[in-house]
$ cat entry_25.cif   # mmCIF, C-alpha atoms
data_protein
#
loop_
_atom_site.group_PDB
_atom_site.id
_atom_site.type_symbol
_atom_site.label_atom_id
_atom_site.label_comp_id
_atom_site.auth_asym_id
_atom_site.auth_seq_id
_atom_site.Cartn_x
_atom_site.Cartn_y
_atom_site.Cartn_z
ATOM 1 C CA MET A 24 131.456 79.914 130.276
ATOM 2 C CA LYS A 25 132.534 80.102 133.877
ATOM 3 C CA PRO A 26 129.948 81.268 136.404
ATOM 4 C CA VAL A 27 130.362 84.477 138.378
ATOM 5 C CA LEU A 28 131.282 83.471 141.927
ATOM 6 C CA THR A 29 130.452 86.676 143.819
ATOM 7 C CA SER A 30 127.114 88.309 144.451
ATOM 8 C CA THR A 31 126.116 91.390 146.425
ATOM 9 C CA LEU A 32 123.354 90.539 148.879
ATOM 10 C CA THR A 33 121.008 93.324 150.002
ATOM 11 C CA CYS A 34 119.016 92.822 153.205
ATOM 12 C CA PRO A 35 115.289 93.517 152.628
ATOM 13 C CA VAL A 36 114.903 94.624 156.251
ATOM 14 C CA CYS A 37 117.637 97.241 156.727
ATOM 15 C CA GLY A 38 119.001 97.692 153.204
ATOM 16 C CA PHE A 39 122.574 96.756 154.144
ATOM 17 C CA SER A 40 124.581 95.272 151.243
ATOM 18 C CA LYS A 41 127.605 92.980 151.308
ATOM 19 C CA THR A 42 129.426 91.109 148.565
ATOM 20 C CA GLU A 43 129.875 87.415 149.320
ATOM 21 C CA THR A 44 131.483 84.456 147.555
ATOM 22 C CA MET A 45 128.951 81.845 146.465
ATOM 23 C CA PRO A 46 129.427 78.077 146.793
ATOM 24 C CA THR A 47 129.799 76.359 143.415
ATOM 25 C CA ASP A 48 128.333 72.963 144.266
ATOM 26 C CA ALA A 49 125.432 73.833 146.552
ATOM 27 C CA CYS A 50 122.887 76.538 147.248
ATOM 28 C CA GLN A 51 123.017 78.645 150.399
ATOM 29 C CA TRP A 52 119.686 78.432 152.178
ATOM 30 C CA PHE A 53 120.403 80.788 155.108
ATOM 31 C CA TYR A 54 122.258 84.108 155.371
ATOM 32 C CA GLU A 55 122.472 86.394 158.380
ATOM 33 C CA CYS A 56 122.571 90.123 157.641
ATOM 34 C CA LYS A 57 125.836 91.508 159.012
ATOM 35 C CA GLN A 58 124.107 94.694 160.178
ATOM 36 C CA CYS A 59 120.635 93.904 161.572
ATOM 37 C CA LYS A 60 121.248 90.138 162.165
ATOM 38 C CA THR A 61 118.045 89.140 160.325
ATOM 39 C CA LEU A 62 118.268 85.528 159.136
ATOM 40 C CA LEU A 63 117.353 85.589 155.441
ATOM 41 C CA LYS A 64 115.753 82.649 153.661
ATOM 42 C CA PRO A 65 114.925 82.223 149.961
ATOM 43 C CA LYS A 66 111.700 83.696 148.626
ATOM 44 C CA PRO A 67 109.069 81.194 147.447
ATOM 45 C CA GLY A 68 110.196 79.734 144.137
ATOM 46 C CA ASP A 69 113.863 80.682 144.593
ATOM 47 C CA CYS A 70 116.519 78.099 145.378
ATOM 48 C CA CYS A 71 118.776 80.167 147.611
ATOM 49 C CA VAL A 72 119.409 83.537 149.260
ATOM 50 C CA PHE A 73 121.596 84.687 146.345
ATOM 51 C CA CYS A 74 118.764 84.150 143.869
ATOM 52 C CA SER A 75 116.392 86.076 146.159
ATOM 53 C CA TYR A 76 118.545 88.939 147.452
ATOM 54 C CA GLY A 77 121.740 88.977 145.363
ATOM 55 C CA ASP A 78 122.568 90.935 142.228
ATOM 56 C CA VAL A 79 123.931 87.711 140.667
ATOM 57 C CA PRO A 80 122.119 84.336 140.899
ATOM 58 C CA CYS A 81 123.906 81.260 142.244
ATOM 59 C CA PRO A 82 126.327 79.272 140.004
ATOM 60 C CA PRO A 83 123.987 76.271 139.449
ATOM 61 C CA ILE A 84 121.296 78.622 138.083
ATOM 62 C CA GLN A 85 123.860 80.497 135.968
ATOM 63 C CA MET A 86 124.957 77.169 134.459
ATOM 64 C CA ASP A 87 121.342 76.099 133.793
ATOM 65 C CA ARG A 88 121.754 73.099 136.072
ATOM 66 C CA GLY A 89 118.339 73.654 137.585
ATOM 67 C CA CYS A 90 117.164 74.590 141.029
ATOM 68 C CA CYS A 91 119.255 73.278 143.881
ATOM 69 C CA SER A 92 116.679 73.979 146.571
ATOM 70 C CA PRO A 93 117.122 71.670 149.562
ATOM 71 C CA SER A 94 114.562 68.999 150.344
ATOM 72 C CA ASN A 95 112.329 69.274 153.387
ATOM 73 C CA ASP A 96 114.574 66.772 155.167
ATOM 74 C CA GLU A 97 117.642 68.888 154.399
ATOM 75 C CA VAL A 98 115.960 72.041 155.677
ATOM 76 C CA LYS A 99 115.082 70.271 158.917
ATOM 77 C CA THR A 100 118.738 69.347 159.454
ATOM 78 C CA MET A 101 120.073 72.882 158.959
ATOM 79 C CA LYS A 102 121.344 74.390 162.174
ATOM 80 C CA LYS A 103 121.708 77.897 163.549
ATOM 81 C CA LEU A 104 123.896 78.345 166.607
ATOM 82 C CA GLU A 105 123.509 81.528 168.643
ATOM 83 C CA ILE A 106 125.939 82.525 171.389
ATOM 84 C CA PHE A 107 124.908 85.152 173.944
ATOM 85 C CA ASP A 108 128.176 86.276 175.515
ATOM 86 C CA PRO A 109 128.684 88.330 178.676
ATOM 87 C CA ALA A 110 130.001 91.859 178.159
ATOM 88 C CA MET A 111 133.467 91.650 176.601
ATOM 89 C CA CYS A 112 135.731 94.309 175.119
ATOM 90 C CA CYS A 113 135.620 92.760 171.647
ATOM 91 C CA PRO A 114 133.226 90.360 169.869
ATOM 92 C CA THR A 115 135.133 87.160 170.618
ATOM 93 C CA GLY A 116 136.789 88.036 173.922
ATOM 94 C CA VAL A 117 140.111 87.050 172.369
ATOM 95 C CA CYS A 118 141.774 90.358 173.148
ATOM 96 C CA GLY A 119 143.610 92.192 175.895
ATOM 97 C CA VAL A 120 147.045 91.456 177.261
ATOM 98 C CA GLU A 121 146.171 87.974 178.555
ATOM 99 C CA VAL A 122 144.063 85.868 176.202
ATOM 100 C CA ASP A 123 141.755 83.307 177.810
ATOM 101 C CA PRO A 124 142.680 79.976 176.144
ATOM 102 C CA VAL A 125 139.092 78.752 176.561
ATOM 103 C CA LEU A 126 137.771 81.678 174.511
ATOM 104 C CA ALA A 127 140.495 81.243 171.901
ATOM 105 C CA GLN A 128 139.661 77.563 171.511
ATOM 106 C CA PHE A 129 135.929 78.273 171.406
ATOM 107 C CA ALA A 130 136.468 80.792 168.576
ATOM 108 C CA ALA A 131 138.340 78.092 166.639
ATOM 109 C CA ASP A 132 135.541 75.606 167.331
ATOM 110 C CA LEU A 133 132.912 78.054 166.022
ATOM 111 C CA LYS A 134 134.886 78.385 162.800
ATOM 112 C CA TRP A 135 134.927 74.588 162.572
ATOM 113 C CA ALA A 136 131.135 74.501 163.036
ATOM 114 C CA GLU A 137 130.689 77.069 160.255
ATOM 115 C CA GLU A 138 132.808 74.903 157.964
ATOM 116 C CA LYS A 139 130.366 72.085 158.750
ATOM 117 C CA GLY A 140 127.479 74.221 157.437
ATOM 118 C CA VAL A 141 126.219 75.633 160.741
ATOM 119 C CA THR A 142 125.078 79.262 160.721
ATOM 120 C CA VAL A 143 126.766 80.947 163.688
ATOM 121 C CA ALA A 144 125.590 84.207 165.280
ATOM 122 C CA ARG A 145 127.387 85.683 168.273
ATOM 123 C CA TYR A 146 126.079 88.503 170.462
ATOM 124 C CA ASN A 147 128.004 90.524 173.056
ATOM 125 C CA LEU A 148 125.969 91.909 175.972
ATOM 126 C CA GLY A 149 128.168 94.989 176.097
ATOM 127 C CA GLN A 150 127.638 95.782 172.403
ATOM 128 C CA GLU A 151 124.229 94.311 171.498
ATOM 129 C CA PRO A 152 122.000 94.455 174.613
ATOM 130 C CA GLN A 153 118.895 94.853 172.431
ATOM 131 C CA THR A 154 119.389 91.327 171.063
ATOM 132 C CA PHE A 155 119.334 89.918 174.607
ATOM 133 C CA ALA A 156 116.270 92.011 175.502
ATOM 134 C CA ALA A 157 114.410 90.739 172.444
ATOM 135 C CA ASN A 158 114.818 87.072 173.417
ATOM 136 C CA PRO A 159 112.430 86.032 176.238
ATOM 137 C CA ALA A 160 114.218 82.732 176.920
ATOM 138 C CA VAL A 161 117.582 84.456 177.279
ATOM 139 C CA LEU A 162 116.075 87.162 179.500
ATOM 140 C CA LYS A 163 114.573 84.505 181.752
ATOM 141 C CA GLU A 164 117.977 82.850 182.170
ATOM 142 C CA MET A 165 119.646 86.193 182.923
ATOM 143 C CA GLU A 166 117.035 86.961 185.575
ATOM 144 C CA ALA A 167 118.235 83.826 187.371
ATOM 145 C CA GLY A 168 121.729 85.343 187.491
ATOM 146 C CA MET A 169 124.341 86.840 185.195
ATOM 147 C CA ASP A 170 126.448 83.745 185.771
ATOM 148 C CA ARG A 171 124.050 82.024 183.339
ATOM 149 C CA LEU A 172 126.038 83.699 180.550
ATOM 150 C CA PRO A 173 127.267 82.583 178.107
ATOM 151 C CA ILE A 174 124.054 81.091 176.750
ATOM 152 C CA LEU A 175 124.082 78.876 173.654
ATOM 153 C CA ALA A 176 120.971 78.194 171.603
ATOM 154 C CA VAL A 177 120.501 75.847 168.653
ATOM 155 C CA ASN A 178 117.627 76.736 166.333
ATOM 156 C CA GLY A 179 116.167 78.935 169.067
ATOM 157 C CA HIS A 180 116.378 76.334 171.844
ATOM 158 C CA ILE A 181 118.813 76.921 174.719
ATOM 159 C CA VAL A 182 121.268 74.015 174.995
ATOM 160 C CA THR A 183 123.904 75.249 177.472
ATOM 161 C CA THR A 184 124.310 78.029 180.022
ATOM 162 C CA GLY A 185 127.215 79.347 182.066
ATOM 163 C CA MET A 186 130.011 77.686 180.067
ATOM 164 C CA TYR A 187 131.767 77.487 176.725
ATOM 165 C CA PRO A 188 131.461 73.876 175.569
ATOM 166 C CA SER A 189 134.340 71.868 174.149
ATOM 167 C CA ARG A 190 134.316 70.907 170.488
ATOM 168 C CA ALA A 191 133.069 67.430 171.381
ATOM 169 C CA GLN A 192 130.224 68.913 173.439
ATOM 170 C CA LEU A 193 129.450 71.423 170.684
ATOM 171 C CA ALA A 194 129.362 68.637 168.098
ATOM 172 C CA GLN A 195 126.937 66.687 170.274
ATOM 173 C CA LYS A 196 124.589 69.661 170.654
ATOM 174 C CA LEU A 197 124.698 70.312 166.899
ATOM 175 C CA GLU A 198 124.454 66.612 166.027
ATOM 176 C CA LEU A 199 127.750 66.765 164.154
ATOM 177 C CA THR A 200 130.651 64.329 164.063
ATOM 178 C CA PRO A 201 133.886 65.795 165.453
ATOM 179 C CA ASP A 202 135.864 64.040 162.707
ATOM 180 C CA ASP A 203 138.953 66.154 163.081
ATOM 181 C CA ALA A 204 141.026 67.159 166.069
ATOM 182 C CA PRO A 205 140.470 70.600 167.563
ATOM 183 C CA ALA A 206 142.630 73.195 165.871
ATOM 184 C CA PRO A 207 145.180 74.533 168.324
ATOM 185 C CA ALA A 208 144.202 77.972 169.565
ATOM 186 C CA LYS A 209 146.615 80.654 168.493
ATOM 187 C CA GLY A 210 148.405 82.420 171.279
ATOM 188 C CA GLY A 211 148.913 86.130 171.481
ATOM 189 C CA SER A 212 146.406 88.892 171.248
ATOM 190 C CA CYS A 213 144.543 90.924 168.671
ATOM 191 C CA CYS A 214 145.591 94.004 170.594
ATOM 192 C CA GLY A 215 148.773 95.986 170.719
ATOM 193 C CA PRO A 216 150.924 96.506 173.786
ATOM 194 C CA LYS A 217 148.966 99.599 174.791
ATOM 195 C CA GLY A 218 145.760 97.754 175.537
ATOM 196 C CA CYS A 219 142.593 96.289 174.076
ATOM 197 C CA CYS A 220 141.369 96.926 170.551
#
$ encode --input "entry_25.cif" --output "C-alpha cells"
Amino acid sequence: MKPVLTSTLTCPVCGFSKTETMPTDACQWFYECKQCKTLLKPKPGDCCVFCSYGDVPCPPIQMDRGCCSPSNDEVKTMKKLEIFDPAMCCPTGVCGVEVDPVLAQFAADLKWAEEKGVTVARYNLGQEPQTFAANPAVLKEMEAGMDRLPILAVNGHIVTTGMYPSRAQLAQKLELTPDDAPAPAKGGSCCGPKGCC
C-alpha cells in the first residue's frame, strides 16, 4: 500500500488551511503558516507538523515505520532564515521594467537554502509593517537608519544588515556548504509591459 503524499495543514492560530506535499523519507519539524506566519512545531508526542496539524499523518507513520522525530542534536541544527526587506512593489523585488540582478540572484539563493532544509520567511516593509514593528531587534536597527534594510536574521539573531549576501556568504551564516554553483538568475520580469504586478 502506497502512502498518501499530501496533507492539509490547518494553523491552530488563525485557522488557515493549505494542502502540502509531504516528504517520504523524513519528517518535517517546522512549518510556517502562509497567512499569519506562525512557525508551527509538532505537539508533544507527535513526530512532525503533519501528524499534529494535518488531516493525513506523515508517510513513515502511515507505513508503520515508527516515529521519525528528530534528535535533540538535529533540532539544534535546524535553521530559520528571516529577511526583512525594504518596501518593494512585490514580495521579492524581482519585478518592474528593470530587474535588479542582485535581487534576482538572492531569490535563487533563497530557493537553494530551502532545498538545503532551511525554513525561509521573507517580509516586505511595504506589505507587512506589523512584522517589523513586532521585532524589537529589527526596530532598533531601523531606528539607526532605513539604510539598515535589508536585515537578515538566523534563528532570531541578526546576521547581516544593509545588504543582500552572496550565496557563499549566506552559506557561511547558515553553516551550510555551498556545494553547487549559484544558479544563474533569470532575466526578464514578472510584470507585463504596462508596469509592475
$ atom_distance --input "entry_25.cif" --atom1 "atom CA of A:Lys163" --atom2 "atom CA of A:Ala191"
27.2 Å
$ residues_near_point --input "entry_25.cif" --point "(128.1, 74.8, 158.4)" --cutoff "12 Å" --atoms "all atoms listed in the file" --output "list in words"
Gln51, Trp52, Phe53, Tyr54, Thr100, Met101, Lys102, Lys103, Leu104, Asp132, Leu133, Lys134, Trp135, Ala136, Glu137, Glu138, Lys139, Gly140, Val141, Thr142, Val143, Ala144, Ala194, Leu197, Glu198 and Leu199 of chain A
$ atom_distance --input "entry_25.cif" --atom1 "atom CA of A:Glu105" --atom2 "atom CA of A:Arg190"
15.3 Å
$ atom_distance --input "entry_25.cif" --atom1 "atom CA of A:Met165" --atom2 "atom CA of A:His180"
15.2 Å
$ closest_residue --input "entry_25.cif" --among "A:Ala130, A:Ala156, A:Cys37, A:Met169" --to "A:Ser189" --atoms "only C-alpha atoms"
A:Ala130
$ closest_residue --input "entry_25.cif" --among "A:Cys34, A:Leu148, A:Ala157, A:Val122" --to "A:Ile174" --atoms "all atoms listed in the file"
A:Leu148
$ closest_residue --input "entry_25.cif" --among "A:Val36, A:Met45, A:Ala160, A:Val72" --to "A:Cys59" --atoms "all atoms listed in the file"
A:Val36
$ resolve_selection --input "entry_25.cif" --expression "the PyMOL selection byres ((chain A and resi 161) around 12)" --output "ChimeraX atom specification"
/A:105-109,146,148,152-160,162-169,171-176,179-185
$ write_last_selection --input "entry_25.cif" --atoms "C-alpha atoms" --output "tab-separated table (two decimals), keeping the file's coordinate frame"
chain	number	residue	atom	x	y	z
A	105	GLU	CA	123.51	81.53	168.64
A	106	ILE	CA	125.94	82.52	171.39
A	107	PHE	CA	124.91	85.15	173.94
A	108	ASP	CA	128.18	86.28	175.52
A	109	PRO	CA	128.68	88.33	178.68
A	146	TYR	CA	126.08	88.50	170.46
A	148	LEU	CA	125.97	91.91	175.97
A	152	PRO	CA	122.00	94.46	174.61
A	153	GLN	CA	118.90	94.85	172.43
A	154	THR	CA	119.39	91.33	171.06
A	155	PHE	CA	119.33	89.92	174.61
A	156	ALA	CA	116.27	92.01	175.50
A	157	ALA	CA	114.41	90.74	172.44
A	158	ASN	CA	114.82	87.07	173.42
A	159	PRO	CA	112.43	86.03	176.24
A	160	ALA	CA	114.22	82.73	176.92
A	162	LEU	CA	116.08	87.16	179.50
A	163	LYS	CA	114.57	84.50	181.75
A	164	GLU	CA	117.98	82.85	182.17
A	165	MET	CA	119.65	86.19	182.92
A	166	GLU	CA	117.04	86.96	185.58
A	167	ALA	CA	118.24	83.83	187.37
A	168	GLY	CA	121.73	85.34	187.49
A	169	MET	CA	124.34	86.84	185.20
A	171	ARG	CA	124.05	82.02	183.34
A	172	LEU	CA	126.04	83.70	180.55
A	173	PRO	CA	127.27	82.58	178.11
A	174	ILE	CA	124.05	81.09	176.75
A	175	LEU	CA	124.08	78.88	173.65
A	176	ALA	CA	120.97	78.19	171.60
A	179	GLY	CA	116.17	78.94	169.07
A	180	HIS	CA	116.38	76.33	171.84
A	181	ILE	CA	118.81	76.92	174.72
A	182	VAL	CA	121.27	74.02	175.00
A	183	THR	CA	123.90	75.25	177.47
A	184	THR	CA	124.31	78.03	180.02
A	185	GLY	CA	127.22	79.35	182.07
$ resolve_selection --input "entry_25.cif" --expression "the PyMOL selection byres ((chain A and resi 25) around 9)" --output "compact mmCIF listing (two decimals) with C-alpha atoms, in the coordinates of the input"
# COMPACT_ATOMS: atom_id res chain seq x y z
CA MET A 24 131.46 79.91 130.28
CA PRO A 26 129.95 81.27 136.40
CA VAL A 27 130.36 84.48 138.38
CA LEU A 28 131.28 83.47 141.93
CA PRO A 82 126.33 79.27 140.00
CA GLN A 85 123.86 80.50 135.97
CA MET A 86 124.96 77.17 134.46
$ residues_near_point --input "entry_25.cif" --point "(117.2, 91.8, 149.3)" --cutoff "9 Å" --atoms "all atoms listed in the file" --output "PyMOL selection string"
chain A and resi 32-36+38-40+63+72-73+75-78
$ closest_residue --input "entry_25.cif" --among "A:Glu121, A:Pro65, A:Cys71, A:Cys81" --to "A:Ser30" --atoms "all atoms listed in the file"
A:Cys81
$ resolve_selection --input "entry_25.cif" --expression "the PyMOL selection byres ((chain A and resi 43) around 7)" --output "list in words"
Thr29, Ser30, Thr31, Lys41, Thr42, Thr44 and Met45 of chain A
$ closest_residue --input "entry_25.cif" --among "A:Val177, A:Pro67, A:Gly149, A:Gln128" --to "A:Ala110" --atoms "all atoms listed in the file"
A:Gly149
$ closest_residue --input "entry_25.cif" --among "A:Lys60, A:Asn147, A:Tyr187, A:Gly68" --to "A:Asp123" --atoms "all atoms listed in the file"
A:Tyr187
